[in-house]
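work-v6.csv (CSV, C-alpha atoms and all ligand atoms)
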```csv
chain,number,residue,atom,x,y,z
A,1,MET,CA,-45.9,160.3,36.4
A,2,GLU,CA,-45.9,160.1,32.6
A,3,ILE,CA,-43.1,158.1,31.0
A,4,LYS,CA,-41.7,159.8,27.9
A,5,VAL,CA,-40.6,157.5,25.2
A,6,THR,CA,-37.9,158.3,22.6
A,7,LEU,CA,-37.4,155.4,20.2
A,8,THR,CA,-34.1,154.8,18.5
A,9,ASP,CA,-33.8,155.4,14.7
A,10,SER,CA,-31.0,152.9,14.4
A,11,PRO,CA,-32.2,149.6,15.9
A,12,LYS,CA,-29.5,146.8,16.2
A,13,ALA,CA,-29.8,143.4,14.7
A,14,LYS,CA,-31.1,140.8,17.1
A,15,PRO,CA,-28.7,137.9,17.9
A,16,ALA,CA,-29.0,135.3,15.1
A,17,ASP,CA,-27.8,132.3,17.2
A,18,GLU,CA,-29.5,132.2,20.6
A,19,SER,CA,-27.3,129.3,21.7
A,20,LYS,CA,-24.3,131.6,21.8
A,21,LEU,CA,-25.9,134.4,23.9
A,22,GLY,CA,-23.8,134.0,27.1
A,23,PHE,CA,-24.6,136.3,29.9
A,24,GLY,CA,-24.7,140.1,30.0
A,25,GLN,CA,-22.8,140.7,26.8
A,26,ILE,CA,-25.3,142.4,24.5
A,27,PHE,CA,-27.9,145.0,25.3
A,28,THR,CA,-31.2,145.9,23.8
A,29,ASP,CA,-32.0,149.1,21.9
A,30,HIS,CA,-33.5,151.1,24.8
A,31,MET,CA,-33.1,151.8,28.5
A,32,PHE,CA,-35.1,153.4,31.2
A,33,LEU,CA,-33.8,156.5,33.0
A,34,MET,CA,-35.1,158.6,35.9
A,35,ASP,CA,-33.4,161.4,37.8
A,36,TYR,CA,-33.4,162.5,41.4
A,37,SER,CA,-32.8,165.9,42.9
A,38,ASN,CA,-33.7,167.3,46.4
A,39,GLU,CA,-35.9,170.0,44.7
A,40,LYS,CA,-37.8,167.7,42.4
A,41,GLY,CA,-37.6,164.3,44.0
A,42,TRP,CA,-37.6,161.4,41.5
A,43,HIS,CA,-38.6,162.9,38.2
A,44,ASP,CA,-38.4,162.8,34.4
A,45,PRO,CA,-39.0,159.0,33.9
A,46,ARG,CA,-38.2,158.2,30.3
A,47,ILE,CA,-37.3,155.5,27.9
A,48,VAL,CA,-34.5,156.5,25.6
A,49,PRO,CA,-32.1,154.8,23.1
A,50,TYR,CA,-29.5,152.6,24.9
A,51,GLY,CA,-26.2,154.5,25.3
A,52,PRO,CA,-23.6,156.1,27.5
A,53,ILE,CA,-24.6,158.2,30.5
A,54,PRO,CA,-22.6,161.4,30.9
A,55,LEU,CA,-21.0,161.7,34.4
A,56,ASP,CA,-18.7,164.3,35.9
A,57,PRO,CA,-15.4,162.8,36.9
A,58,SER,CA,-16.1,164.0,40.5
A,59,ALA,CA,-19.5,162.2,40.5
A,60,ALA,CA,-20.0,160.5,43.9
A,61,CYS,CA,-20.4,157.0,42.5
A,62,PHE,CA,-16.9,156.9,41.2
A,63,HIS,CA,-15.3,157.6,44.6
A,64,TYR,CA,-17.5,156.4,47.5
A,65,ALA,CA,-19.5,153.6,45.8
A,66,GLN,CA,-22.9,154.9,46.7
A,67,GLU,CA,-24.7,152.6,44.3
A,68,ILE,CA,-27.1,149.7,44.3
A,69,PHE,CA,-28.5,147.3,41.8
A,70,GLU,CA,-31.0,144.5,41.2
A,71,GLY,CA,-31.1,141.4,39.0
A,72,MET,CA,-34.2,139.8,37.5
A,73,LYS,CA,-35.5,138.2,34.3
A,74,ALA,CA,-38.3,138.3,31.8
A,75,TYR,CA,-39.3,134.9,30.4
A,76,ARG,CA,-41.0,134.0,27.1
A,77,THR,CA,-43.7,131.3,27.4
A,78,ALA,CA,-44.5,128.7,24.7
A,79,GLU,CA,-47.5,130.9,23.8
A,80,GLY,CA,-45.2,133.8,23.1
A,81,LYS,CA,-46.2,135.8,26.1
A,82,ILE,CA,-43.6,137.6,28.2
A,83,GLN,CA,-43.7,137.3,32.0
A,84,PHE,CA,-41.8,138.2,35.2
A,85,PHE,CA,-41.1,136.2,38.4
A,86,ARG,CA,-42.0,138.1,41.6
A,87,PRO,CA,-40.7,141.4,40.3
A,88,GLN,CA,-42.4,143.2,43.3
A,89,GLU,CA,-39.9,141.4,45.5
A,90,ASN,CA,-37.0,142.9,43.5
A,91,PHE,CA,-38.4,146.5,43.9
A,92,LYS,CA,-39.1,146.0,47.6
A,93,ARG,CA,-35.4,144.9,48.0
A,94,LEU,CA,-34.2,147.8,45.9
A,95,ASN,CA,-35.9,150.2,48.3
A,96,ALA,CA,-34.4,148.3,51.2
A,97,SER,CA,-31.0,148.7,49.6
A,98,CYS,CA,-31.8,152.4,49.2
A,99,GLY,CA,-32.4,152.7,52.9
A,100,ARG,CA,-29.0,151.2,53.8
A,101,LEU,CA,-27.1,153.5,51.4
A,102,VAL,CA,-29.1,156.7,52.2
A,103,ILE,CA,-30.6,156.8,48.7
A,104,PRO,CA,-34.1,158.3,48.5
A,105,PRO,CA,-36.7,155.5,48.0
A,106,LEU,CA,-38.7,155.1,44.8
A,107,ASP,CA,-42.4,154.4,44.1
A,108,GLU,CA,-42.5,150.6,43.6
A,109,LYS,CA,-45.6,150.8,41.4
A,110,LEU,CA,-43.9,153.2,39.0
A,111,LEU,CA,-40.9,150.9,38.9
A,112,LEU,CA,-43.1,147.9,37.9
A,113,ASP,CA,-45.1,150.0,35.4
A,114,SER,CA,-42.0,151.4,33.8
A,115,LEU,CA,-40.4,148.0,33.6
A,116,LYS,CA,-43.4,146.6,31.8
A,117,LYS,CA,-43.4,149.5,29.4
A,118,LEU,CA,-39.7,149.1,28.6
A,119,VAL,CA,-39.9,145.3,28.2
A,120,GLU,CA,-43.0,145.6,26.0
A,121,ILE,CA,-41.0,148.0,23.7
A,122,GLU,CA,-38.1,145.5,23.7
A,123,LYS,CA,-40.2,142.3,23.6
A,124,ASP,CA,-38.7,141.0,20.4
A,125,TRP,CA,-35.4,140.9,22.3
A,126,VAL,CA,-36.7,138.3,24.7
A,127,PRO,CA,-35.0,135.1,23.3
A,128,HIS,CA,-37.0,132.1,22.3
A,129,GLU,CA,-34.8,129.1,22.9
A,130,LYS,CA,-35.3,126.8,25.9
A,131,ASP,CA,-33.9,128.3,29.1
A,132,THR,CA,-33.0,131.6,27.6
A,133,SER,CA,-34.3,134.8,29.1
A,134,LEU,CA,-34.0,138.6,29.1
A,135,TYR,CA,-31.9,139.6,32.0
A,136,ILE,CA,-33.0,142.9,33.7
A,137,ARG,CA,-30.5,145.1,35.5
A,138,PRO,CA,-32.0,148.0,37.4
A,139,PHE,CA,-29.5,150.2,39.2
A,140,ILE,CA,-29.0,153.5,41.0
A,141,ILE,CA,-25.9,155.6,41.0
A,142,SER,CA,-25.1,158.8,42.9
A,143,ASN,CA,-24.0,161.5,40.5
A,144,GLN,CA,-23.5,164.7,42.4
A,145,ALA,CA,-20.3,166.4,41.2
A,146,VAL,CA,-18.5,166.9,44.5
A,147,LEU,CA,-15.8,165.1,46.4
A,148,GLY,CA,-17.2,165.4,50.0
A,149,VAL,CA,-18.0,162.2,51.8
A,150,HIS,CA,-21.7,162.6,52.4
A,151,PRO,CA,-24.9,161.3,50.6
A,152,SER,CA,-25.2,162.6,47.1
A,153,LYS,CA,-27.9,165.2,46.4
A,154,THR,CA,-28.6,163.7,43.0
A,155,TYR,CA,-29.1,160.2,41.6
A,156,ILE,CA,-29.9,158.3,38.4
A,157,TYR,CA,-32.1,155.3,38.3
A,158,CYS,CA,-31.5,153.2,35.2
A,159,VAL,CA,-32.7,149.9,33.8
A,160,ILE,CA,-30.8,148.0,31.0
A,161,LEU,CA,-31.8,144.7,29.4
A,162,SER,CA,-29.6,141.9,28.2
A,163,PRO,CA,-30.8,138.8,26.3
A,164,SER,CA,-29.1,135.9,28.0
A,165,GLY,CA,-28.4,132.3,27.1
A,166,ALA,CA,-29.3,129.1,28.9
A,167,TYR,CA,-27.3,128.9,32.1
A,168,TYR,CA,-26.9,125.1,31.8
A,169,LYS,CA,-26.0,123.5,28.5
A,170,GLY,CA,-26.5,119.8,28.7
A,171,GLY,CA,-27.8,119.2,32.3
A,172,LEU,CA,-27.1,120.7,35.7
A,173,ASN,CA,-23.5,120.1,36.4
A,174,PRO,CA,-22.5,120.3,40.0
A,175,VAL,CA,-19.9,122.9,41.0
A,176,LYS,CA,-16.8,122.5,43.2
A,177,ILE,CA,-16.5,124.9,46.1
A,178,TYR,CA,-14.2,125.5,49.0
A,179,VAL,CA,-14.7,127.1,52.4
A,180,GLU,CA,-13.1,130.5,52.3
A,181,THR,CA,-10.9,131.0,55.4
A,182,LYS,CA,-8.8,134.0,54.3
A,183,TYR,CA,-11.2,136.6,53.0
A,184,VAL,CA,-14.7,137.7,54.3
A,185,ARG,CA,-17.5,139.1,52.1
A,186,ALA,CA,-19.4,141.1,54.7
A,187,VAL,CA,-20.0,141.5,58.5
A,188,LYS,CA,-23.1,142.2,60.5
A,189,GLY,CA,-23.7,145.9,60.6
A,190,GLY,CA,-22.0,146.2,57.1
A,191,MET,CA,-23.8,145.9,53.8
A,192,GLY,CA,-24.0,142.1,53.3
A,193,MET,CA,-27.8,142.2,53.1
A,194,VAL,CA,-27.8,144.8,50.4
A,195,LYS,CA,-27.2,144.4,46.6
A,196,THR,CA,-24.4,146.9,46.3
A,197,GLY,CA,-21.3,146.9,44.1
A,198,GLY,CA,-18.9,147.2,47.1
A,199,ASN,CA,-19.8,143.7,48.3
A,200,TYR,CA,-18.8,142.3,44.9
A,201,ALA,CA,-15.6,144.3,44.8
A,202,ALA,CA,-14.7,142.7,48.1
A,203,SER,CA,-15.4,139.2,46.8
A,204,LEU,CA,-13.4,139.4,43.5
A,205,ILE,CA,-10.0,138.3,44.9
A,206,ALA,CA,-11.5,135.2,46.6
A,207,GLN,CA,-13.2,134.3,43.3
A,208,GLU,CA,-9.9,134.7,41.4
A,209,GLU,CA,-8.0,132.5,43.8
A,210,ALA,CA,-10.7,129.9,43.8
A,211,GLU,CA,-10.7,129.7,40.0
A,212,LYS,CA,-6.9,129.3,40.0
A,213,GLU,CA,-7.3,126.2,42.2
A,214,GLY,CA,-9.9,124.8,40.0
A,215,TYR,CA,-12.9,125.7,42.1
A,216,SER,CA,-15.8,127.7,40.7
A,217,GLN,CA,-17.1,129.4,43.9
A,218,VAL,CA,-16.2,129.9,47.5
A,219,LEU,CA,-18.4,129.2,50.6
A,220,TRP,CA,-18.3,132.3,52.7
A,221,LEU,CA,-18.1,132.1,56.5
A,222,ASP,CA,-19.4,134.8,58.9
A,223,GLY,CA,-16.9,137.6,59.2
A,224,VAL,CA,-16.7,137.7,63.0
A,225,GLU,CA,-16.3,134.2,64.3
A,226,ARG,CA,-15.3,132.7,60.9
A,227,LYS,CA,-17.4,129.7,61.9
A,228,TYR,CA,-20.9,129.9,60.4
A,229,ILE,CA,-21.9,129.3,56.8
A,230,GLU,CA,-23.3,132.4,55.0
A,231,GLU,CA,-23.5,132.2,51.2
A,232,VAL,CA,-21.8,130.5,48.2
A,233,GLY,CA,-20.3,133.0,45.8
A,234,ALA,CA,-23.1,135.4,45.0
A,235,MET,CA,-25.8,132.8,45.8
A,236,ASN,CA,-27.7,131.7,48.9
A,237,VAL,CA,-27.0,128.1,50.0
A,238,PHE,CA,-29.0,125.1,51.1
A,239,PHE,CA,-28.0,121.7,52.5
A,240,LYS,CA,-30.0,118.6,52.9
A,241,ILE,CA,-28.7,116.9,56.1
A,242,GLY,CA,-30.7,113.7,56.8
A,243,ASP,CA,-34.3,114.7,56.5
A,244,GLU,CA,-33.7,118.4,57.5
A,245,ILE,CA,-33.1,121.1,54.8
A,246,VAL,CA,-31.0,123.9,56.3
A,247,THR,CA,-30.2,127.3,55.0
A,248,PRO,CA,-28.4,130.0,57.0
A,249,GLU,CA,-30.8,132.4,58.8
A,250,LEU,CA,-30.8,136.0,57.5
A,251,SER,CA,-28.3,137.4,59.9
A,252,GLY,CA,-27.7,140.9,58.5
A,253,SER,CA,-24.7,139.9,56.5
A,254,ILE,CA,-26.5,137.6,54.1
A,255,LEU,CA,-28.3,138.8,51.0
A,256,PRO,CA,-32.1,138.0,51.2
A,257,GLY,CA,-32.4,136.2,47.8
A,258,ILE,CA,-35.8,136.0,46.1
A,259,THR,CA,-34.9,132.5,44.9
A,260,ARG,CA,-34.0,131.6,48.5
A,261,LYS,CA,-37.4,132.8,49.7
A,262,SER,CA,-39.1,130.9,46.9
A,263,VAL,CA,-37.2,127.7,47.5
A,264,LEU,CA,-38.2,127.9,51.2
A,265,GLU,CA,-41.8,128.4,50.3
A,266,VAL,CA,-41.8,125.5,47.8
A,267,LEU,CA,-40.1,123.1,50.2
A,268,ARG,CA,-42.6,124.1,53.0
A,269,SER,CA,-45.5,123.6,50.6
A,270,TRP,CA,-44.2,120.0,50.0
A,271,GLY,CA,-44.4,119.4,53.8
A,272,LEU,CA,-40.6,119.0,54.1
A,273,LYS,CA,-38.7,119.9,57.3
A,274,VAL,CA,-36.9,123.2,56.6
A,275,SER,CA,-34.8,125.2,59.0
A,276,GLU,CA,-33.4,128.7,58.7
A,277,ARG,CA,-30.7,128.6,61.4
A,278,ARG,CA,-27.0,129.0,62.0
A,279,LEU,CA,-25.0,126.2,60.5
A,280,SER,CA,-21.4,125.9,61.5
A,281,VAL,CA,-18.7,124.7,59.2
A,282,ASP,CA,-17.8,122.0,61.7
A,283,GLU,CA,-21.4,120.6,61.6
A,284,LEU,CA,-21.4,120.8,57.8
A,285,MET,CA,-18.0,119.0,57.4
A,286,LYS,CA,-19.1,116.3,59.9
A,287,ALA,CA,-22.3,115.7,57.9
A,288,ALA,CA,-20.3,115.6,54.7
A,289,GLN,CA,-17.9,113.0,56.1
A,290,ASP,CA,-20.5,110.7,57.9
A,291,GLY,CA,-22.7,110.7,54.8
A,292,THR,CA,-25.7,112.5,56.2
A,293,LEU,CA,-25.1,115.5,53.9
A,294,GLU,CA,-27.2,114.2,51.0
A,295,GLU,CA,-27.5,117.3,48.8
A,296,ALA,CA,-26.2,120.9,48.6
A,297,TRP,CA,-27.1,123.7,46.2
A,298,GLY,CA,-26.9,127.4,45.7
A,299,THR,CA,-29.9,129.6,44.7
A,300,GLY,CA,-30.0,132.8,42.7
A,301,THR,CA,-31.8,134.4,39.7
A,302,ALA,CA,-29.1,133.5,37.2
A,303,ALA,CA,-28.7,129.8,37.8
A,304,VAL,CA,-31.9,129.2,39.8
A,305,ILE,CA,-30.5,126.0,41.4
A,306,SER,CA,-26.8,125.3,41.3
A,307,PRO,CA,-25.9,121.9,42.7
A,308,ILE,CA,-22.7,121.5,44.7
A,309,GLY,CA,-20.8,118.3,44.0
A,310,GLU,CA,-17.5,118.9,45.8
A,311,LEU,CA,-16.8,120.6,49.1
A,312,LYS,CA,-13.3,121.4,50.3
A,313,CYS,CA,-12.4,122.7,53.8
A,314,ASN,CA,-8.7,123.2,54.6
A,315,ASP,CA,-7.3,119.9,53.4
A,316,ILE,CA,-10.4,117.8,53.5
A,317,VAL,CA,-12.2,117.2,50.3
A,318,THR,CA,-15.6,115.6,50.2
A,319,THR,CA,-18.0,114.6,47.4
A,320,ILE,CA,-21.7,115.2,47.7
A,321,ASN,CA,-24.2,112.7,46.2
A,322,GLY,CA,-21.4,111.2,44.1
A,323,ASN,CA,-20.8,114.6,42.4
A,324,LYS,CA,-24.2,114.3,40.7
A,325,ILE,CA,-27.3,116.5,41.1
A,326,GLY,CA,-29.6,115.1,43.8
A,327,PRO,CA,-33.3,114.4,43.3
A,328,LEU,CA,-34.5,117.3,45.5
A,329,SER,CA,-32.2,119.8,43.7
A,330,GLN,CA,-33.5,118.6,40.4
A,331,LYS,CA,-37.2,118.7,41.5
A,332,LEU,CA,-36.7,122.3,42.8
A,333,TYR,CA,-35.0,123.4,39.6
A,334,ASP,CA,-37.8,121.8,37.5
A,335,THR,CA,-40.6,123.3,39.7
A,336,LEU,CA,-39.2,126.9,39.7
A,337,THR,CA,-38.2,126.9,36.0
A,338,ASP,CA,-41.6,125.4,34.9
A,339,LEU,CA,-43.3,128.3,36.7
A,340,GLN,CA,-40.9,130.9,35.3
A,341,TRP,CA,-41.3,129.8,31.7
A,342,GLY,CA,-45.0,129.3,32.1
A,343,ARG,CA,-44.9,125.5,31.7
A,344,SER,CA,-47.0,124.9,34.8
A,345,LYS,CA,-49.9,126.6,36.7
A,346,ASP,CA,-48.8,129.0,39.3
A,347,PRO,CA,-50.4,128.1,42.7
A,348,PHE,CA,-48.3,130.8,44.5
A,349,GLY,CA,-49.2,133.9,42.6
A,350,TRP,CA,-45.6,134.6,41.7
A,351,ILE,CA,-46.0,135.2,38.0
A,352,GLU,CA,-46.5,138.7,36.8
A,353,PRO,CA,-47.7,139.0,33.2
A,354,CYS,CA,-46.0,141.7,31.1
A,355,CYS,CA,-47.2,141.5,27.5
A,401,LIG,C1,-28.4,138.6,44.1
A,401,LIG,C2,-27.7,137.8,45.2
A,401,LIG,C3,-28.2,136.6,45.6
A,401,LIG,C4,-29.4,135.9,45.0
A,401,LIG,O1,-30.6,136.7,45.1
A,401,LIG,P1,-31.8,136.3,44.1
A,401,LIG,O2,-32.8,137.3,44.4
A,401,LIG,O3,-32.2,134.9,44.4
A,401,LIG,O4,-31.3,136.4,42.7
A,401,LIG,C5,-27.5,135.9,46.7
A,401,LIG,N1,-26.4,136.4,47.2
A,401,LIG,C6,-25.9,137.6,46.8
A,401,LIG,C7,-24.6,138.1,47.4
A,401,LIG,C8,-26.5,138.3,45.7
A,401,LIG,O5,-26.0,139.5,45.3
```

In structure tokens, what does this structure look like?
Amino acid sequence: MEIKVTLTDSPKAKPADESKLGFGQIFTDHMFLMDYSNEKGWHDPRIVPYGPIPLDPSAACFHYAQEIFEGMKAYRTAEGKIQFFRPQENFKRLNASCGRLVIPPLDEKLLLDSLKKLVEIEKDWVPHEKDTSLYIRPFIISNQAVLGVHPSKTYIYCVILSPSGAYYKGGLNPVKIYVETKYVRAVKGGMGMVKTGGNYAASLIAQEEAEKEGYSQVLWLDGVERKYIEEVGAMNVFFKIGDEIVTPELSGSILPGITRKSVLEVLRSWGLKVSERRLSVDELMKAAQDGTLEEAWGTGTAAVISPIGELKCNDIVTTINGNKIGPLSQKLYDTLTDLQWGRSKDPFGWIEPCC
């Protein structure tokens, strides 16, 4: 399919101070759009000036949340080249999300080709300062104008781009988290393994209450037994307990993170003992109290590695590694970010050049 390009005649000024970018606050000059109808399938791929999308008030996405999204980044190397990190994985996951929400699947090659074309047009928007990146948000919304509860007959696929600042300013500061015992994020058979807005809507109240208590994230437990660790906020989670590194197995209610997958592959390439298994909160708190819990960290595209320095469960508060980032967390962060920003050779084949 040919991608039509319509360039803006009023480009915006690029941010002057890249140290103040923050996350997801400004958007580039163009976006990618594609439509779906039962008659034409996915059609009319196009790059157009960034702007509002007209939607009928009865559009399905407003009422029944038939929508999915992805999150990834483009990185600028020291040589000025722009590159992606495992973008094929994001598009594979997008199609998996489509399956769960009964959205028609897309051609993954077209998704990658069109992303490259969009980012090439916007390449001057990829920031230059250390640890900054261009955040990429592909998403699909259902837009059939009808109130019946059934899969929409029409959809929009859209990609927007947002120059984003360094996640960490002045070192990786460990976060404080608590075990969430009141709310659940997802249950097996639900949508926990899918990147869909509904999961985030369900998590907002827990996040609000955690912040009020001075915690930055919650540690989610499984929604059935309320016993096994699942994720931390919107990140996957790892624990180093003695010489074993444990992350919860993908149970159906956990989002299969691409950073999680990459961390597992890196750890295994280093010959370390890694387990994807069920980890109960009792086992975790016991390890935290007897000192065998050496390190804990979250993984996700935004932060890459987010060390956990304090863990609270009911009334018990424990500190991990003296509330400092541990050596393994630091080494993982350095290894992944060196690959992403092109500071080291890529032995895994994870880097996808753009332009
Ligand atoms: C996106 C996301 C992650 C992390 O996935 P990455 O592919 O590593 O960015 C983890 N948990 C949830 C709930 C997510 O939405």

Surroundings of ligand LIG 401 (chain A) up to 10 Å, based on all atoms listed in the file, as a ChimeraX atom specification: /A:69-73,86-87,89-90,93,185-186,192-197,199-200,203,230-237,253-263,298-305

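Between CA of Lys92 in chain A and CA of Thr28 in chain A there is a distance of 25.1 Å.
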
Proximity to Gly189 in chain A - best of A:Tyr215, A:Ser114, A:Ser251, A:Ser152, all atoms listed in the file: A:Ser251

Tyr135 in chain A environment, 12 Å, only C-alpha atoms, sequence neighbours closer than 4 positions dropped, as JSON, numbers by chain: {"A": [21, 22, 23, 24, 25, 26, 27, 28, 70, 71, 72, 73, 74, 75, 76, 84, 85, 119, 122, 125, 126, 127, 131, 159, 160, 161, 162, 163, 164, 165, 166, 167, 301, 302, 303]}

For Asp315 in chain A: contacts at 12 Å, all atoms listed in the file, fewer than 4 positions along chain excluded, given as number ranges by chain: A: 178-179, 181, 285, 311

Residues within 10 Å of (-15.4, 127.6, 54.4), file coords, all atoms listed in the file, listed as a PyMOL selection string: chain A and resi 177-182+218-222+226-232+280-282+284-285+311-314

Could those selected residues go to a file with C-alpha atoms, as a PDB file, keeping the file's coordinate frame?
```pdb
ATOM      1  CA  ILE A 177     -16.500 124.900  46.100  1.00  0.00           C
ATOM      2  CA  TYR A 178     -14.200 125.500  49.000  1.00  0.00           C
ATOM      3  CA  VAL A 179     -14.700 127.100  52.400  1.00  0.00           C
ATOM      4  CA  GLU A 180     -13.100 130.500  52.300  1.00  0.00           C
ATOM      5  CA  THR A 181     -10.900 131.000  55.400  1.00  0.00           C
ATOM      6  CA  LYS A 182      -8.800 134.000  54.300  1.00  0.00           C
ATOM      7  CA  VAL A 218     -16.200 129.900  47.500  1.00  0.00           C
ATOM      8  CA  LEU A 219     -18.400 129.200  50.600  1.00  0.00           C
ATOM      9  CA  TRP A 220     -18.300 132.300  52.700  1.00  0.00           C
ATOM     10  CA  LEU A 221     -18.100 132.100  56.500  1.00  0.00           C
ATOM     11  CA  ASP A 222     -19.400 134.800  58.900  1.00  0.00           C
ATOM     12  CA  ARG A 226     -15.300 132.700  60.900  1.00  0.00           C
ATOM     13  CA  LYS A 227     -17.400 129.700  61.900  1.00  0.00           C
ATOM     14  CA  TYR A 228     -20.900 129.900  60.400  1.00  0.00           C
ATOM     15  CA  ILE A 229     -21.900 129.300  56.800  1.00  0.00           C
ATOM     16  CA  GLU A 230     -23.300 132.400  55.000  1.00  0.00           C
ATOM     17  CA  GLU A 231     -23.500 132.200  51.200  1.00  0.00           C
ATOM     18  CA  VAL A 232     -21.800 130.500  48.200  1.00  0.00           C
ATOM     19  CA  SER A 280     -21.400 125.900  61.500  1.00  0.00           C
ATOM     20  CA  VAL A 281     -18.700 124.700  59.200  1.00  0.00           C
ATOM     21  CA  ASP A 282     -17.800 122.000  61.700  1.00  0.00           C
ATOM     22  CA  LEU A 284     -21.400 120.800  57.800  1.00  0.00           C
ATOM     23  CA  MET A 285     -18.000 119.000  57.400  1.00  0.00           C
ATOM     24  CA  LEU A 311     -16.800 120.600  49.100  1.00  0.00           C
ATOM     25  CA  LYS A 312     -13.300 121.400  50.300  1.00  0.00           C
ATOM     26  CA  CYS A 313     -12.400 122.700  53.800  1.00  0.00           C
ATOM     27  CA  ASN A 314      -8.700 123.200  54.600  1.00  0.00           C
TER      28      ASN A 314
END
```

Fewer than 2 positions away in the same chain doesn't count, so skip those; otherwise give me all residues within 10 Å of Thr292 in chain A, counting only C-alpha atoms, as a PDB file with C-alpha atoms, keeping the file's coordinate frame.
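New file result_30.pdb:
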```pdb
ATOM      1  CA  LYS A 240     -30.000 118.600  52.900  1.00  0.00           C
ATOM      2  CA  ILE A 241     -28.700 116.900  56.100  1.00  0.00           C
ATOM      3  CA  GLY A 242     -30.700 113.700  56.800  1.00  0.00           C
ATOM      4  CA  ASP A 243     -34.300 114.700  56.500  1.00  0.00           C
ATOM      5  CA  LEU A 284     -21.400 120.800  57.800  1.00  0.00           C
ATOM      6  CA  LYS A 286     -19.100 116.300  59.900  1.00  0.00           C
ATOM      7  CA  ALA A 287     -22.300 115.700  57.900  1.00  0.00           C
ATOM      8  CA  ALA A 288     -20.300 115.600  54.700  1.00  0.00           C
ATOM      9  CA  GLN A 289     -17.900 113.000  56.100  1.00  0.00           C
ATOM     10  CA  ASP A 290     -20.500 110.700  57.900  1.00  0.00           C
ATOM     11  CA  GLU A 294     -27.200 114.200  51.000  1.00  0.00           C
ATOM     12  CA  GLU A 295     -27.500 117.300  48.800  1.00  0.00           C
ATOM     13  CA  ILE A 320     -21.700 115.200  47.700  1.00  0.00           C
TER      14      ILE A 320
END
```

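Proximity to Trp341 in chain A was assessed for A:Asn323, A:Gln83, A:Thr8, A:Ser216 counting all atoms listed in the file; the smallest distance is recorded for A:Gln83.
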
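Across A:Gln144, A:Gly322, A:Val184, A:Pro248, the tightest approach to Ile205 in chain A is made by A:Val184 when counting all atoms listed in the file.
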
Separation of CA of Glu352 in chain A from CA of Leu134 in chain A, in Å and rounded to one decimal: 14.7 Å

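Counting from CA of Tyr157 in chain A, the distance to CA of Pro49 in chain A is 15.2 Å.
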
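Among the candidates A:Pro174, A:Gly342, A:Gly214, A:Gly349, the residue lying nearest to Thr319 in chain A is A:Pro174 (atoms considered: all atoms listed in the file).
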
Contacts of range 131-207 of chain A with range 55-58 of chain A up to 8 Å, shortest pair per row, all atoms listed in the file, as CSV:
```
residue,atom,partner,partner_atom,distance
A:Asn143,CA,A:Leu55,CA,6.8
A:Gln144,CA,A:Ser58,CA,7.7
A:Ala145,CA,A:Ser58,CA,4.9
A:Val146,CA,A:Ser58,CA,5.5
A:Leu147,CA,A:Ser58,CA,6.0
```

Near range 99-101 of chain A, counting only C-alpha atoms, which residues have an atom at most 9 Å away, once you skip same-chain residues fewer than 5 positions from it, shown as a compact mmCIF listing (two decimals) with C-alpha atoms, in the frame of the given file?
```txt
# COMPACT_ATOMS: atom_id res chain seq x y z
CA GLN A 66 -22.90 154.90 46.70
CA GLU A 67 -24.70 152.60 44.30
CA ILE A 68 -27.10 149.70 44.30
CA LEU A 94 -34.20 147.80 45.90
CA PRO A 151 -24.90 161.30 50.60
CA MET A 191 -23.80 145.90 53.80
CA VAL A 194 -27.80 144.80 50.40
CA THR A 196 -24.40 146.90 46.30
```

Exercise: range 105-110 of chain A partners within 6 Å, all atoms listed in the file, chain neighbours under 3 positions left out, as a list in words: Phe91, Asn95, Cys98, Asp113 and Ser114 of chain A

Pick from A:Ala16, A:Val187, A:Leu264, A:Ile82 nearest to Val224 in chain A, counting all atoms listed in the file: A:Val187
